[in-house]
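K.L.:
One file: upload_8.txt (compact mmCIF, C-alpha atoms and all ligand atoms).
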# COMPACT_ATOMS: atom_id res chain seq x y z
CA MET A 1229 -35.03 -1.75 -39.71
CA THR A 1230 -38.39 -3.55 -39.46
CA LYS A 1231 -40.71 -2.95 -36.53
CA ARG A 1232 -39.88 -6.42 -35.16
CA ARG A 1233 -36.15 -5.87 -35.29
CA TRP A 1234 -36.59 -2.52 -33.53
CA LYS A 1235 -38.45 -4.33 -30.79
CA ILE A 1236 -35.71 -6.93 -30.40
CA ALA A 1237 -33.08 -4.21 -30.32
CA LEU A 1238 -35.06 -2.31 -27.70
CA ILE A 1239 -35.50 -5.38 -25.51
CA GLY A 1240 -31.79 -6.11 -25.90
CA LEU A 1241 -30.98 -2.60 -24.79
CA LEU A 1242 -33.25 -2.86 -21.76
CA LEU A 1243 -31.73 -6.21 -20.82
CA THR A 1244 -28.21 -4.87 -21.18
CA GLY A 1245 -29.21 -1.95 -18.99
CA ALA A 1246 -30.63 -4.30 -16.38
CA LEU A 1247 -27.55 -6.52 -16.41
CA GLY A 1248 -25.19 -3.56 -16.33
CA CYS A 1249 -27.09 -2.40 -13.29
CA ARG A 1250 -26.31 -5.39 -11.06
CA SER A 1251 -25.63 -2.76 -8.46
CA ASP A 1252 -28.63 -3.55 -6.28
CA GLY A 1253 -27.37 -4.21 -2.82
CA ARG A 1254 -23.69 -3.83 -3.61
CA PRO A 1255 -21.98 -1.25 -1.44
CA ASP A 1256 -19.75 1.62 -2.38
CA ILE A 1257 -16.14 0.75 -1.66
CA VAL A 1258 -13.86 3.42 -0.23
CA LEU A 1259 -10.22 2.40 0.11
CA VAL A 1260 -7.96 4.72 2.07
CA THR A 1261 -4.24 3.98 1.99
CA PHE A 1262 -2.24 5.77 4.66
CA ASP A 1263 1.28 6.03 3.32
CA THR A 1264 4.05 5.36 5.84
CA LEU A 1265 1.72 5.00 8.84
CA ARG A 1266 3.26 3.12 11.71
CA ARG A 1267 0.92 0.75 13.46
CA ASP A 1268 2.08 1.91 16.89
CA HIS A 1269 0.88 5.47 16.18
CA VAL A 1270 -2.74 4.36 15.87
CA GLY A 1271 -4.92 4.54 18.98
CA ALA A 1272 -6.83 1.42 17.95
CA TYR A 1273 -3.50 -0.43 18.12
CA GLY A 1274 -2.64 0.88 21.54
CA SER A 1275 -0.98 4.22 20.84
CA GLY A 1276 -1.36 6.80 23.58
CA LEU A 1277 -0.32 9.69 21.34
CA GLY A 1278 -3.90 10.61 20.46
CA VAL A 1279 -3.10 11.51 16.86
CA THR A 1280 -5.63 9.22 15.13
CA PRO A 1281 -9.09 10.04 16.57
CA ASN A 1282 -10.83 9.55 13.23
CA LEU A 1283 -9.16 6.25 12.42
CA ASP A 1284 -9.95 5.10 15.96
CA ALA A 1285 -13.61 6.07 15.49
CA LEU A 1286 -13.71 4.05 12.27
CA ALA A 1287 -11.99 1.17 14.08
CA GLU A 1288 -14.83 1.14 16.63
CA ARG A 1289 -17.14 -0.14 13.92
CA SER A 1290 -14.50 -2.20 12.09
CA LEU A 1291 -12.91 -5.56 12.02
CA VAL A 1292 -9.39 -4.62 13.08
CA PHE A 1293 -6.52 -6.90 12.03
CA ASP A 1294 -3.90 -7.38 14.70
CA ALA A 1295 -1.38 -9.24 12.54
CA ALA A 1296 -1.43 -7.55 9.13
CA PHE A 1297 1.71 -7.29 7.00
CA THR A 1298 2.73 -5.53 3.83
CA THR A 1299 4.50 -7.29 0.95
CA MET A 1300 7.23 -4.69 0.58
CA PRO A 1301 7.93 -1.61 2.67
CA THR A 1302 7.88 0.56 -0.44
CA THR A 1303 4.93 2.53 -1.80
CA GLY A 1304 4.59 1.41 -5.43
CA PRO A 1305 5.24 -2.30 -4.90
CA ALA A 1306 2.97 -2.52 -1.83
CA HIS A 1307 0.09 -0.81 -3.64
CA ALA A 1308 0.69 -3.03 -6.67
CA SER A 1309 0.25 -6.06 -4.36
CA LEU A 1310 -3.01 -4.63 -3.08
CA PHE A 1311 -4.24 -4.05 -6.64
CA THR A 1312 -3.08 -7.37 -8.11
CA GLY A 1313 -3.06 -9.79 -5.17
CA LEU A 1314 0.53 -10.79 -5.95
CA LEU A 1315 3.92 -10.55 -4.30
CA PRO A 1316 6.28 -7.98 -5.81
CA TYR A 1317 8.48 -10.52 -7.58
CA GLN A 1318 5.31 -11.88 -9.19
CA HIS A 1319 3.72 -8.58 -10.28
CA GLY A 1320 7.02 -7.05 -11.30
CA VAL A 1321 6.95 -3.77 -9.37
CA ARG A 1322 10.02 -4.19 -7.17
CA HIS A 1323 10.90 -0.55 -6.81
CA ASN A 1324 9.01 2.66 -7.29
CA ALA A 1325 9.86 3.33 -10.90
CA ALA A 1326 9.07 -0.19 -12.15
CA HIS A 1327 6.22 -1.35 -14.37
CA VAL A 1328 3.75 -4.02 -13.45
CA SER A 1329 4.58 -6.90 -15.81
CA ARG A 1330 2.60 -6.99 -19.04
CA ASP A 1331 0.69 -10.21 -18.43
CA VAL A 1332 -0.33 -9.02 -14.97
CA ALA A 1333 -1.48 -5.67 -16.37
CA THR A 1334 -3.81 -7.42 -18.81
CA THR A 1335 -5.24 -10.03 -16.44
CA ARG A 1336 -5.29 -8.22 -13.10
CA GLY A 1337 -5.90 -4.76 -11.81
CA LEU A 1338 -8.58 -4.28 -9.21
CA PRO A 1339 -9.91 -0.96 -10.60
CA ARG A 1340 -10.36 -2.37 -14.08
CA LEU A 1341 -12.14 -5.48 -12.78
CA LEU A 1342 -14.44 -3.39 -10.59
CA ARG A 1343 -15.21 -1.04 -13.48
CA ASP A 1344 -15.93 -3.97 -15.79
CA HIS A 1345 -18.43 -5.22 -13.23
CA GLY A 1346 -20.47 -2.08 -12.87
CA TYR A 1347 -18.53 0.11 -10.46
CA THR A 1348 -17.65 3.70 -11.28
CA THR A 1349 -14.01 4.00 -10.25
CA ALA A 1350 -11.93 6.96 -9.17
CA CYS A 1351 -8.59 7.59 -7.51
CA PHE A 1352 -7.25 10.60 -5.66
CA THR A 1353 -3.56 10.21 -4.97
CA THR A 1354 -0.89 12.27 -3.30
CA SER A 1355 2.37 10.63 -4.35
CA PRO A 1356 4.29 11.03 -7.60
CA VAL A 1357 4.71 7.25 -7.68
CA PHE A 1358 1.17 7.02 -8.97
CA GLY A 1359 1.67 9.74 -11.54
CA LEU A 1360 3.86 7.46 -13.62
CA ASP A 1361 1.18 5.30 -15.18
CA THR A 1362 3.51 2.37 -14.63
CA LEU A 1363 1.69 0.37 -12.00
CA GLY A 1364 -1.00 -1.16 -14.14
CA PHE A 1365 -3.65 0.89 -12.41
CA SER A 1366 -5.62 1.46 -15.59
CA GLY A 1367 -9.31 1.11 -15.00
CA PHE A 1368 -10.04 4.29 -13.14
CA ASP A 1369 -12.83 6.24 -14.77
CA HIS A 1370 -11.50 9.30 -13.01
CA ARG A 1371 -7.87 9.85 -12.02
CA ASP A 1372 -6.85 12.76 -9.86
CA LEU A 1373 -3.07 12.69 -9.57
CA PRO A 1374 -0.83 15.11 -7.71
CA THR A 1375 0.86 17.94 -9.53
CA ASP A 1376 2.54 18.95 -6.27
CA PRO A 1377 4.82 16.25 -4.81
CA LEU A 1378 3.66 17.32 -1.35
CA ARG A 1379 -0.06 17.29 -2.04
CA THR A 1380 -1.95 17.14 1.25
CA GLY A 1381 -4.46 14.47 2.15
CA ILE A 1382 -7.08 17.16 2.76
CA ASP A 1383 -6.62 18.38 -0.82
CA ALA A 1384 -7.11 14.85 -2.19
CA VAL A 1385 -10.17 14.31 0.02
CA ASP A 1386 -11.73 17.59 -1.11
CA ALA A 1387 -11.22 16.51 -4.72
CA ALA A 1388 -12.84 13.14 -3.95
CA LEU A 1389 -15.83 14.77 -2.28
CA ALA A 1390 -16.26 17.21 -5.17
CA TRP A 1391 -16.28 14.23 -7.52
CA LEU A 1392 -18.87 12.47 -5.33
CA ASP A 1393 -21.14 15.53 -5.53
CA ALA A 1394 -22.33 14.14 -8.86
CA ASP A 1395 -23.97 10.77 -8.25
CA PRO A 1396 -22.87 8.34 -11.00
CA GLY A 1397 -25.98 6.26 -10.33
CA GLN A 1398 -24.09 3.06 -9.60
CA PRO A 1399 -21.79 1.90 -6.83
CA VAL A 1400 -18.45 3.65 -6.67
CA PHE A 1401 -14.96 2.45 -5.93
CA VAL A 1402 -12.97 5.36 -4.57
CA TRP A 1403 -9.30 5.09 -3.65
CA VAL A 1404 -7.82 7.94 -1.63
CA HIS A 1405 -4.10 7.90 -0.91
CA LEU A 1406 -2.82 10.00 2.00
CA TYR A 1407 0.83 10.96 1.99
CA ASP A 1408 0.94 13.26 5.02
CA ALA A 1409 2.89 10.91 7.29
CA HIS A 1410 5.64 10.30 4.71
CA SER A 1411 8.87 12.25 4.94
CA PRO A 1412 9.52 15.14 4.94
CA TYR A 1413 7.85 14.86 8.34
CA GLY A 1414 5.55 17.41 9.89
CA ALA A 1415 2.24 19.13 9.40
CA ALA A 1416 1.63 20.53 5.91
CA SER A 1417 2.97 23.97 6.79
CA GLU A 1418 6.29 22.54 8.00
CA LYS A 1419 7.10 20.21 5.14
CA ILE A 1420 8.55 22.59 2.59
CA GLY A 1421 12.07 23.51 3.57
CA GLY A 1422 11.72 21.60 6.81
CA TYR A 1423 13.15 18.25 5.86
CA PRO A 1424 14.19 16.46 9.02
CA ILE A 1425 16.10 13.84 7.07
CA ASP A 1426 19.01 13.77 4.75
CA LEU A 1427 17.22 12.98 1.52
CA ASP A 1428 20.36 11.80 -0.20
CA SER A 1429 20.95 9.06 2.34
CA TYR A 1430 17.92 6.83 1.66
CA GLY A 1431 17.83 6.03 5.34
CA TRP A 1432 21.52 5.19 5.67
CA VAL A 1433 22.53 7.71 8.23
CA GLN A 1434 26.05 9.02 8.22
CA GLY A 1435 27.94 10.27 11.24
CA THR A 1436 26.45 11.59 14.45
CA ARG A 1437 23.74 13.81 13.06
CA PHE A 1438 20.97 12.11 15.05
CA ALA A 1439 23.00 11.15 18.10
CA ARG A 1440 21.27 13.57 20.46
CA GLN A 1441 17.97 12.50 22.03
CA PRO A 1442 16.30 15.96 21.73
CA VAL A 1443 16.90 15.87 17.99
CA ARG A 1444 15.32 12.42 17.72
CA GLN A 1445 12.37 13.50 19.84
CA LYS A 1446 11.80 16.51 17.62
CA ILE A 1447 11.81 14.32 14.51
CA ALA A 1448 9.44 11.78 16.06
CA ALA A 1449 7.06 14.57 17.07
CA ALA A 1450 7.13 15.95 13.53
CA TYR A 1451 6.32 12.47 12.17
CA ALA A 1452 3.34 12.26 14.54
CA ARG A 1453 2.04 15.62 13.28
CA GLY A 1454 2.04 14.22 9.75
CA VAL A 1455 0.06 11.22 10.98
CA ALA A 1456 -2.44 13.61 12.60
CA ASP A 1457 -2.88 15.40 9.26
CA ALA A 1458 -3.60 12.14 7.46
CA ASP A 1459 -6.10 11.26 10.16
CA ALA A 1460 -7.86 14.63 9.82
CA ALA A 1461 -8.19 13.94 6.09
CA LEU A 1462 -9.84 10.60 6.86
CA GLY A 1463 -12.26 12.35 9.22
CA ARG A 1464 -13.32 14.76 6.51
CA LEU A 1465 -13.72 11.91 4.02
CA VAL A 1466 -15.86 9.77 6.33
CA ALA A 1467 -18.19 12.70 7.10
CA GLY A 1468 -18.30 13.82 3.46
CA VAL A 1469 -19.11 10.37 2.11
CA ALA A 1470 -21.91 9.93 4.68
CA GLU A 1471 -23.43 13.25 3.58
CA ARG A 1472 -23.33 12.40 -0.09
CA ARG A 1473 -24.04 8.70 -0.48
CA THR A 1474 -27.21 6.83 0.33
CA ARG A 1475 -25.74 3.45 -0.55
CA PRO A 1476 -23.93 1.59 2.26
CA THR A 1477 -20.17 2.06 2.26
CA GLN A 1478 -17.53 -0.61 2.69
CA TRP A 1479 -14.52 1.12 4.24
CA ILE A 1480 -11.00 -0.20 4.04
CA ALA A 1481 -8.19 1.65 5.80
CA VAL A 1482 -4.67 0.32 5.50
CA SER A 1483 -1.09 1.47 5.54
CA ASP A 1484 1.21 0.48 2.67
CA HIS A 1485 4.12 0.11 5.13
CA GLY A 1486 5.36 1.60 8.35
CA GLU A 1487 8.46 3.66 8.98
CA PHE A 1488 11.67 3.37 10.93
CA LEU A 1489 12.19 6.13 13.40
CA ASP A 1490 15.40 5.57 15.39
CA GLU A 1491 15.09 1.83 16.22
CA LEU A 1492 17.95 0.76 13.97
CA LEU A 1493 20.04 3.88 14.25
CA GLU A 1494 22.70 2.36 16.52
CA SER A 1495 22.60 -1.24 15.31
CA ASP A 1496 22.42 -0.64 11.56
CA GLY A 1497 22.95 3.06 10.92
CA TYR A 1498 19.49 3.17 9.30
CA ALA A 1499 16.70 5.59 10.28
CA TYR A 1500 13.74 7.74 9.19
CA ASP A 1501 12.97 5.73 6.10
CA HIS A 1502 11.63 2.36 4.93
CA GLY A 1503 12.37 -0.01 2.08
CA ALA A 1504 15.82 -1.41 2.78
CA LEU A 1505 15.57 -3.47 5.95
CA LEU A 1506 12.81 -5.93 6.83
CA ARG A 1507 11.66 -5.49 10.42
CA ASP A 1508 8.39 -5.13 12.33
CA PRO A 1509 8.14 -1.29 12.29
CA VAL A 1510 7.89 -1.27 8.49
CA LEU A 1511 6.29 -4.67 7.80
CA ARG A 1512 3.48 -4.72 10.37
CA ILE A 1513 0.67 -2.45 9.26
CA PRO A 1514 -2.67 -1.17 10.51
CA LEU A 1515 -5.56 -2.65 8.54
CA LEU A 1516 -9.29 -2.46 9.16
CA ILE A 1517 -12.53 -2.98 7.29
CA ALA A 1518 -15.97 -1.65 8.15
CA GLY A 1519 -19.35 -1.79 6.51
CA PRO A 1520 -22.25 -4.04 5.63
CA GLY A 1521 -21.88 -7.56 6.96
CA ILE A 1522 -18.79 -6.78 9.01
CA GLU A 1523 -18.93 -7.72 12.65
CA PRO A 1524 -16.79 -5.18 14.56
CA GLY A 1525 -14.00 -6.76 16.58
CA ARG A 1526 -10.42 -7.94 16.41
CA ALA A 1527 -8.98 -10.50 14.01
CA LYS A 1528 -5.89 -12.24 15.38
CA GLY A 1529 -4.93 -14.29 12.33
CA VAL A 1530 -2.03 -13.37 10.05
CA VAL A 1531 -3.07 -11.44 6.94
CA SER A 1532 -1.34 -9.69 4.06
CA ILE A 1533 -2.09 -6.46 2.24
CA ARG A 1534 -2.55 -8.62 -0.86
CA ASP A 1535 -5.59 -10.29 0.74
CA LEU A 1536 -7.39 -7.00 0.02
CA TYR A 1537 -7.42 -7.89 -3.68
CA THR A 1538 -9.61 -10.91 -2.99
CA THR A 1539 -11.62 -9.09 -0.34
CA LEU A 1540 -12.52 -6.13 -2.54
CA LEU A 1541 -13.39 -8.32 -5.52
CA GLN A 1542 -15.68 -10.48 -3.43
CA ILE A 1543 -17.34 -7.46 -1.80
CA ALA A 1544 -18.19 -6.43 -5.36
CA GLU A 1545 -19.55 -9.95 -5.97
CA ILE A 1546 -16.69 -10.83 -8.32
CA ARG A 1547 -15.26 -14.24 -7.56
CA ASP A 1548 -11.50 -14.34 -7.18
CA SER A 1549 -11.01 -17.78 -8.65
CA SER A 1550 -7.25 -17.84 -8.05
CA ALA A 1551 -7.45 -16.92 -4.34
CA GLY A 1552 -7.02 -20.49 -3.08
CA GLU A 1553 -4.23 -21.37 -5.46
CA GLU A 1554 -2.36 -18.14 -4.74
CA GLY A 1555 -2.96 -18.21 -1.01
CA ARG A 1556 -5.19 -15.21 -0.40
CA LEU A 1557 -8.10 -14.77 2.01
CA ASP A 1558 -11.37 -12.87 1.95
CA LEU A 1559 -10.80 -10.76 5.05
CA ARG A 1560 -14.49 -10.50 5.81
CA PHE A 1561 -14.22 -14.07 7.04
CA PRO A 1562 -11.16 -14.04 9.28
CA SER A 1563 -9.43 -17.23 10.26
CA ASP A 1564 -7.12 -18.09 13.13
CA GLU A 1565 -5.53 -20.93 11.18
CA PRO A 1566 -1.71 -20.83 11.21
CA ARG A 1567 -0.47 -18.91 8.22
CA ILE A 1568 2.78 -17.53 6.83
CA VAL A 1569 2.96 -14.33 4.81
CA LEU A 1570 5.90 -12.99 2.85
CA ALA A 1571 7.53 -9.67 2.14
CA GLU A 1572 10.49 -8.51 0.09
CA ARG A 1573 12.94 -5.70 0.35
CA ARG A 1574 12.98 -3.10 -2.41
CA VAL A 1575 15.28 -4.10 -5.22
CA TYR A 1576 18.11 -1.66 -5.54
CA ALA A 1577 18.58 -1.57 -9.24
CA PHE A 1578 22.19 -0.61 -9.10
CA HIS A 1579 24.19 -2.39 -6.47
CA GLN A 1580 27.35 -0.83 -7.78
CA ASP A 1581 25.82 2.55 -7.22
CA ALA A 1582 24.92 1.61 -3.66
CA LEU A 1583 28.38 0.32 -3.09
CA ALA A 1584 29.92 3.54 -4.27
CA ARG A 1585 27.58 5.73 -2.27
CA TRP A 1586 27.30 3.84 1.00
CA GLY A 1587 30.27 1.50 1.06
CA PRO A 1588 30.55 -2.29 1.22
CA GLU A 1589 29.06 -2.64 4.71
CA VAL A 1590 25.72 -1.13 3.65
CA SER A 1591 25.72 -3.14 0.45
CA ARG A 1592 26.21 -6.30 2.52
CA LYS A 1593 23.25 -5.40 4.75
CA ILE A 1594 21.05 -4.81 1.71
CA ARG A 1595 22.00 -8.19 0.28
CA ARG A 1596 21.33 -9.94 3.58
CA ASN A 1597 17.79 -8.46 3.75
CA ALA A 1598 16.04 -9.93 0.75
CA VAL A 1599 12.89 -11.71 1.93
CA ALA A 1600 10.92 -11.87 5.16
CA ALA A 1601 8.53 -14.62 6.25
CA MET A 1602 6.13 -13.94 9.14
CA ASP A 1603 3.79 -16.20 11.07
CA GLY A 1604 2.66 -13.45 13.41
CA GLU A 1605 5.02 -14.46 16.17
CA HIS A 1606 8.30 -14.98 14.32
CA LEU A 1607 10.02 -12.89 11.72
CA VAL A 1608 12.56 -14.64 9.53
CA VAL A 1609 14.75 -12.72 7.13
CA ALA A 1610 16.81 -14.38 4.40
CA GLY A 1611 19.51 -12.86 2.24
CA GLU A 1612 19.69 -12.93 -1.53
CA ASP A 1613 21.63 -16.20 -1.27
CA GLY A 1614 18.87 -17.73 0.88
CA ALA A 1615 20.93 -17.67 4.08
CA PRO A 1616 18.99 -16.55 7.18
CA SER A 1617 20.10 -13.25 8.69
CA LEU A 1618 17.35 -12.96 11.30
CA GLY A 1619 15.06 -15.49 12.94
CA ASP A 1620 17.02 -17.58 15.40
CA GLY A 1621 14.68 -20.09 16.99
CA ALA A 1622 11.99 -19.72 14.32
CA PRO A 1623 10.23 -22.84 13.03
CA GLU A 1624 12.07 -24.73 10.30
CA ARG A 1625 9.16 -24.29 7.89
CA LEU A 1626 9.41 -20.51 8.13
CA LEU A 1627 13.17 -20.55 7.59
CA ARG A 1628 12.88 -22.85 4.61
CA LEU A 1629 10.16 -20.76 2.98
CA ALA A 1630 12.13 -17.53 3.38
CA ARG A 1631 15.18 -19.22 1.85
CA ASP A 1632 13.26 -20.67 -1.09
CA VAL A 1633 11.47 -17.42 -1.90
CA ALA A 1634 14.69 -15.43 -1.59
CA LEU A 1635 16.38 -17.79 -4.02
CA ALA A 1636 13.44 -17.73 -6.43
CA SER A 1637 12.88 -13.99 -6.37
CA PHE A 1638 16.46 -12.79 -6.27
CA ALA A 1639 17.91 -15.38 -8.65
CA GLU A 1640 17.83 -12.77 -11.37
CA ASP A 1641 18.40 -9.27 -10.25
CA GLY A 1642 16.78 -7.88 -13.39
CA THR A 1643 14.43 -5.18 -12.22
CA GLY A 1644 12.81 -3.90 -15.38
CA GLY A 1645 13.42 -0.25 -14.60
CA ALA A 1646 10.82 1.96 -16.17
CA GLU A 1647 11.29 4.57 -18.83
CA VAL A 1648 10.75 7.54 -16.60
CA ASP A 1649 11.06 11.06 -17.92
CA ALA A 1650 13.74 13.23 -16.40
CA GLN A 1651 11.35 15.55 -14.58
CA THR A 1652 9.45 12.70 -12.91
CA ARG A 1653 12.68 11.00 -11.98
CA GLU A 1654 13.89 14.19 -10.36
CA MET A 1655 10.63 14.51 -8.40
CA LEU A 1656 10.99 10.93 -7.17
CA ARG A 1657 14.62 11.44 -6.32
CA GLY A 1658 13.69 14.52 -4.30
CA LEU A 1659 11.51 12.28 -2.14
CA GLY A 1660 14.15 9.62 -1.78
CA TYR A 1661 12.24 7.40 -4.15
CA VAL A 1662 14.66 6.12 -6.76
CA ASP A 1663 18.10 4.76 -6.33
ZN ZN B 1701 4.53 4.29 0.91
Represent the structure contained in this file as structure tokens.
P.N.:
Amino acid sequence: MTKRRWKIALIGLLLTGALGCRSDGRPDIVLVTFDTLRRDHVGAYGSGLGVTPNLDALAERSLVFDAAFTTMPTTGPAHASLFTGLLPYQHGVRHNAAHVSRDVATTRGLPRLLRDHGYTTACFTTSPVFGLDTLGFSGFDHRDLPTDPLRTGIDAVDAALAWLDADPGQPVFVWVHLYDAHSPYGAASEKIGGYPIDLDSYGWVQGTRFARQPVRQKIAAAYARGVADADAALGRLVAGVAERRTRPTQWIAVSDHGEFLDELLESDGYAYDHGALLRDPVLRIPLLIAGPGIEPGRAKGVVSIRDLYTTLLQIAEIRDSSAGEEGRLDLRFPSDEPRIVLAERRVYAFHQDALARWGPEVSRKIRRNAVAAMDGEHLVVAGEDGAPSLGDGAPERLLRLARDVALASFAEDGTGGAEVDAQTREMLRGLGYVD
């Protein structure tokens, strides 16, 4: 190579370095997903239980969303919506063992986009759902997945902090997933061997097992202890990040879905689970963002977990060009404009199986709970045939939308079940995760 060509190559290298380092000013992004956290257990949302002091402290300096909804009360699909900006029937993950569809995997994926734009990306997860490599979550420079299906949030946080001990020299995107509130309920020491639920029932409760109030109170208290553990993990993460990072941090805390305790026990024979029926306790989620440029306060407008896709991209100065067309918001700029958001029920891949296990009445309930449409005030639920099963008195527009989406999304009940190895399938089944 001539001297001149060396010079050009050197300048090129320096330029590339400068461009690759567009990190000036961009914050670190730390996303914490609280699995199965009910909104009404969070102090910032009015809970008097006192089990979320760390989340409440973060909420003090956050924009807190009062009307936030998930897209499906099921872990994999809800996270896939967060990471792709799409509804489950669009991204293809409609139950926990499903793949994100191929075209979505190649064009979407928040971690990959952030990495391609100069973020160092890492995830620390606590659920076997994310150990499958099926959700299109490629794009993490560092992946720390659970080997124990009951990995604690504290363990994941310690791994995240150990990873942050080495400064990658550019902004980081860190996703920590906290599973502590999920069943089996209880603090970490109680979970093994202490299942308060019948794991074979998938929430469809048989007989009179939970008829007595003291039993229900004991289960609810155990659930709250799991929430407290997740909150303690957040506390350690917030303190640990502050110690290690000099760059400002954009915090996002959100639940992927809530949980039914005993609300539907009498009316529907469904309890201590999520995924099958579409109601407020599982659809309405805590969601808050804190950090540079965020004015602490309350946002009343209706938002969806999938808005976080747009929000996180734009925080990283990556324009989400399809946000308008696909109906997503940048949550840093909240709006009180009327808005409808949608959610789906988990697709049960094998209706015949459900029929055999639970009987025709349960199968009918599953079919009648296909899609929910929410405007913050009203909740409309439509069945697979588009007929409304909940939402008397709701505006016509809401009813029509629920019907149309139910018909569009459940027209074909092909679910694209993943090729899951036997061991993983068993682990998921043990947690009530596959049907
Ligand atoms: Zn979940």
K.L.:
From the set A:Thr1264, A:Ser1366, A:Ser1417, A:Thr1299, which residue has the shortest atom-to-atom contact distance to ligand ZN 1701 (chain B), counting only C-alpha atoms and all ligand atoms?
P.N.:
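The closest residue to ligand ZN 1701 (chain B) is A:Thr1264.
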K.L.:
Please find the residues contacting ligand ZN 1701 (chain B) at a distance of at most 8 Å between atoms, with only C-alpha atoms and all ligand atoms counted, and report them as a PyMOL selection string.
P.N.:
chain A and resi 1262-1264+1301-1304+1306+1407+1410+1483-1486
K.L.:
Point out the residue among A:Ile1568, A:Ala1499, A:Ala1458, A:Ile1447 with the least atom-to-atom distance to A:Gly1431, counting only C-alpha atoms.
P.N.:
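Distance minimum relative to A:Gly1431 lands on A:Ala1499.
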K.L.:
Which residues, written as a list in words, have at least one atom at most 7 Å from stretch 1338-1343 of chain A, with all atoms listed in the file counted and residues fewer than 4 positions away on the same chain left out?
P.N.:
Phe1311, Thr1312, Tyr1347, Thr1348, Thr1349, Phe1365, Ser1366, Gly1367, Phe1368 and Tyr1537 of chain A
K.L.:
Please determine, counting only C-alpha atoms, which residue among A:Phe1358, A:Phe1638, A:Tyr1451, A:Phe1488 has the shortest atom-to-atom distance to A:Arg1507.
P.N.:
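Looking at the shortest contact to A:Arg1507, the residue is A:Phe1488.
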K.L.:
Could you pull the residues within 8 Å of A:Ile1513, counting only C-alpha atoms, minus those fewer than 2 positions along the same chain, as an NGL selection string?
P.N.:
:A and (1265-1267 or 1295-1298 or 1482-1486 or 1510-1511 or 1515)
K.L.:
Export, as a short mmCIF file (atom, residue, chain, number, x, y, z; two decimals), keeping the file's coordinate frame, the selected residues with C-alpha atoms.
P.N.:
data_model
loop_
_atom_site.label_atom_id
_atom_site.label_comp_id
_atom_site.auth_asym_id
_atom_site.auth_seq_id
_atom_site.Cartn_x
_atom_site.Cartn_y
_atom_site.Cartn_z
CA LEU A 1265 1.72 5.00 8.84
CA ARG A 1266 3.26 3.12 11.71
CA ARG A 1267 0.92 0.75 13.46
CA ALA A 1295 -1.38 -9.24 12.54
CA ALA A 1296 -1.43 -7.55 9.13
CA PHE A 1297 1.71 -7.29 7.00
CA THR A 1298 2.73 -5.53 3.83
CA VAL A 1482 -4.67 0.32 5.50
CA SER A 1483 -1.09 1.47 5.54
CA ASP A 1484 1.21 0.48 2.67
CA HIS A 1485 4.12 0.11 5.13
CA GLY A 1486 5.36 1.60 8.35
CA VAL A 1510 7.89 -1.27 8.49
CA LEU A 1511 6.29 -4.67 7.80
CA LEU A 1515 -5.56 -2.65 8.54
#
K.L.:
For A:Ala1504, which residue among A:Arg1625, A:Arg1631, A:His1323, A:Arg1547 is the nearest when counting only C-alpha atoms?
P.N.:
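Of A:Arg1625, A:Arg1631, A:His1323, A:Arg1547, the one nearest A:Ala1504 is A:His1323, counting only C-alpha atoms.
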K.L.:
Mind pulling up the distance from atom CA of A:Thr1261 to atom CA of A:Gly1552?
P.N.:
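Straight-line distance from atom CA of A:Gly1552 to atom CA of A:Thr1261 works out to 25.1 Å.
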K.L.:
Expressed in Å to a single decimal, how great is the separation between atom CA of A:Leu1392 and atom CA of A:Arg1473?
P.N.:
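Between atom CA of A:Leu1392 and atom CA of A:Arg1473 the gap works out to 8.0 Å.
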K.L.:
For the atom pair atom CA of A:Arg1574 and atom CA of A:Gln1318, what is the interatomic distance in Å to one decimal place?
P.N.:
13.5 Å
K.L.:
Any idea what's packed within 8 Å of stretch 1432-1445 of chain A, counting all atoms listed in the file, ignoring anything in its chain fewer than 3 positions away? Could you give it as a ChimeraX atom specification?
P.N.:
/A:1426,1429,1448-1449,1490,1493,1497-1499,1586,1590
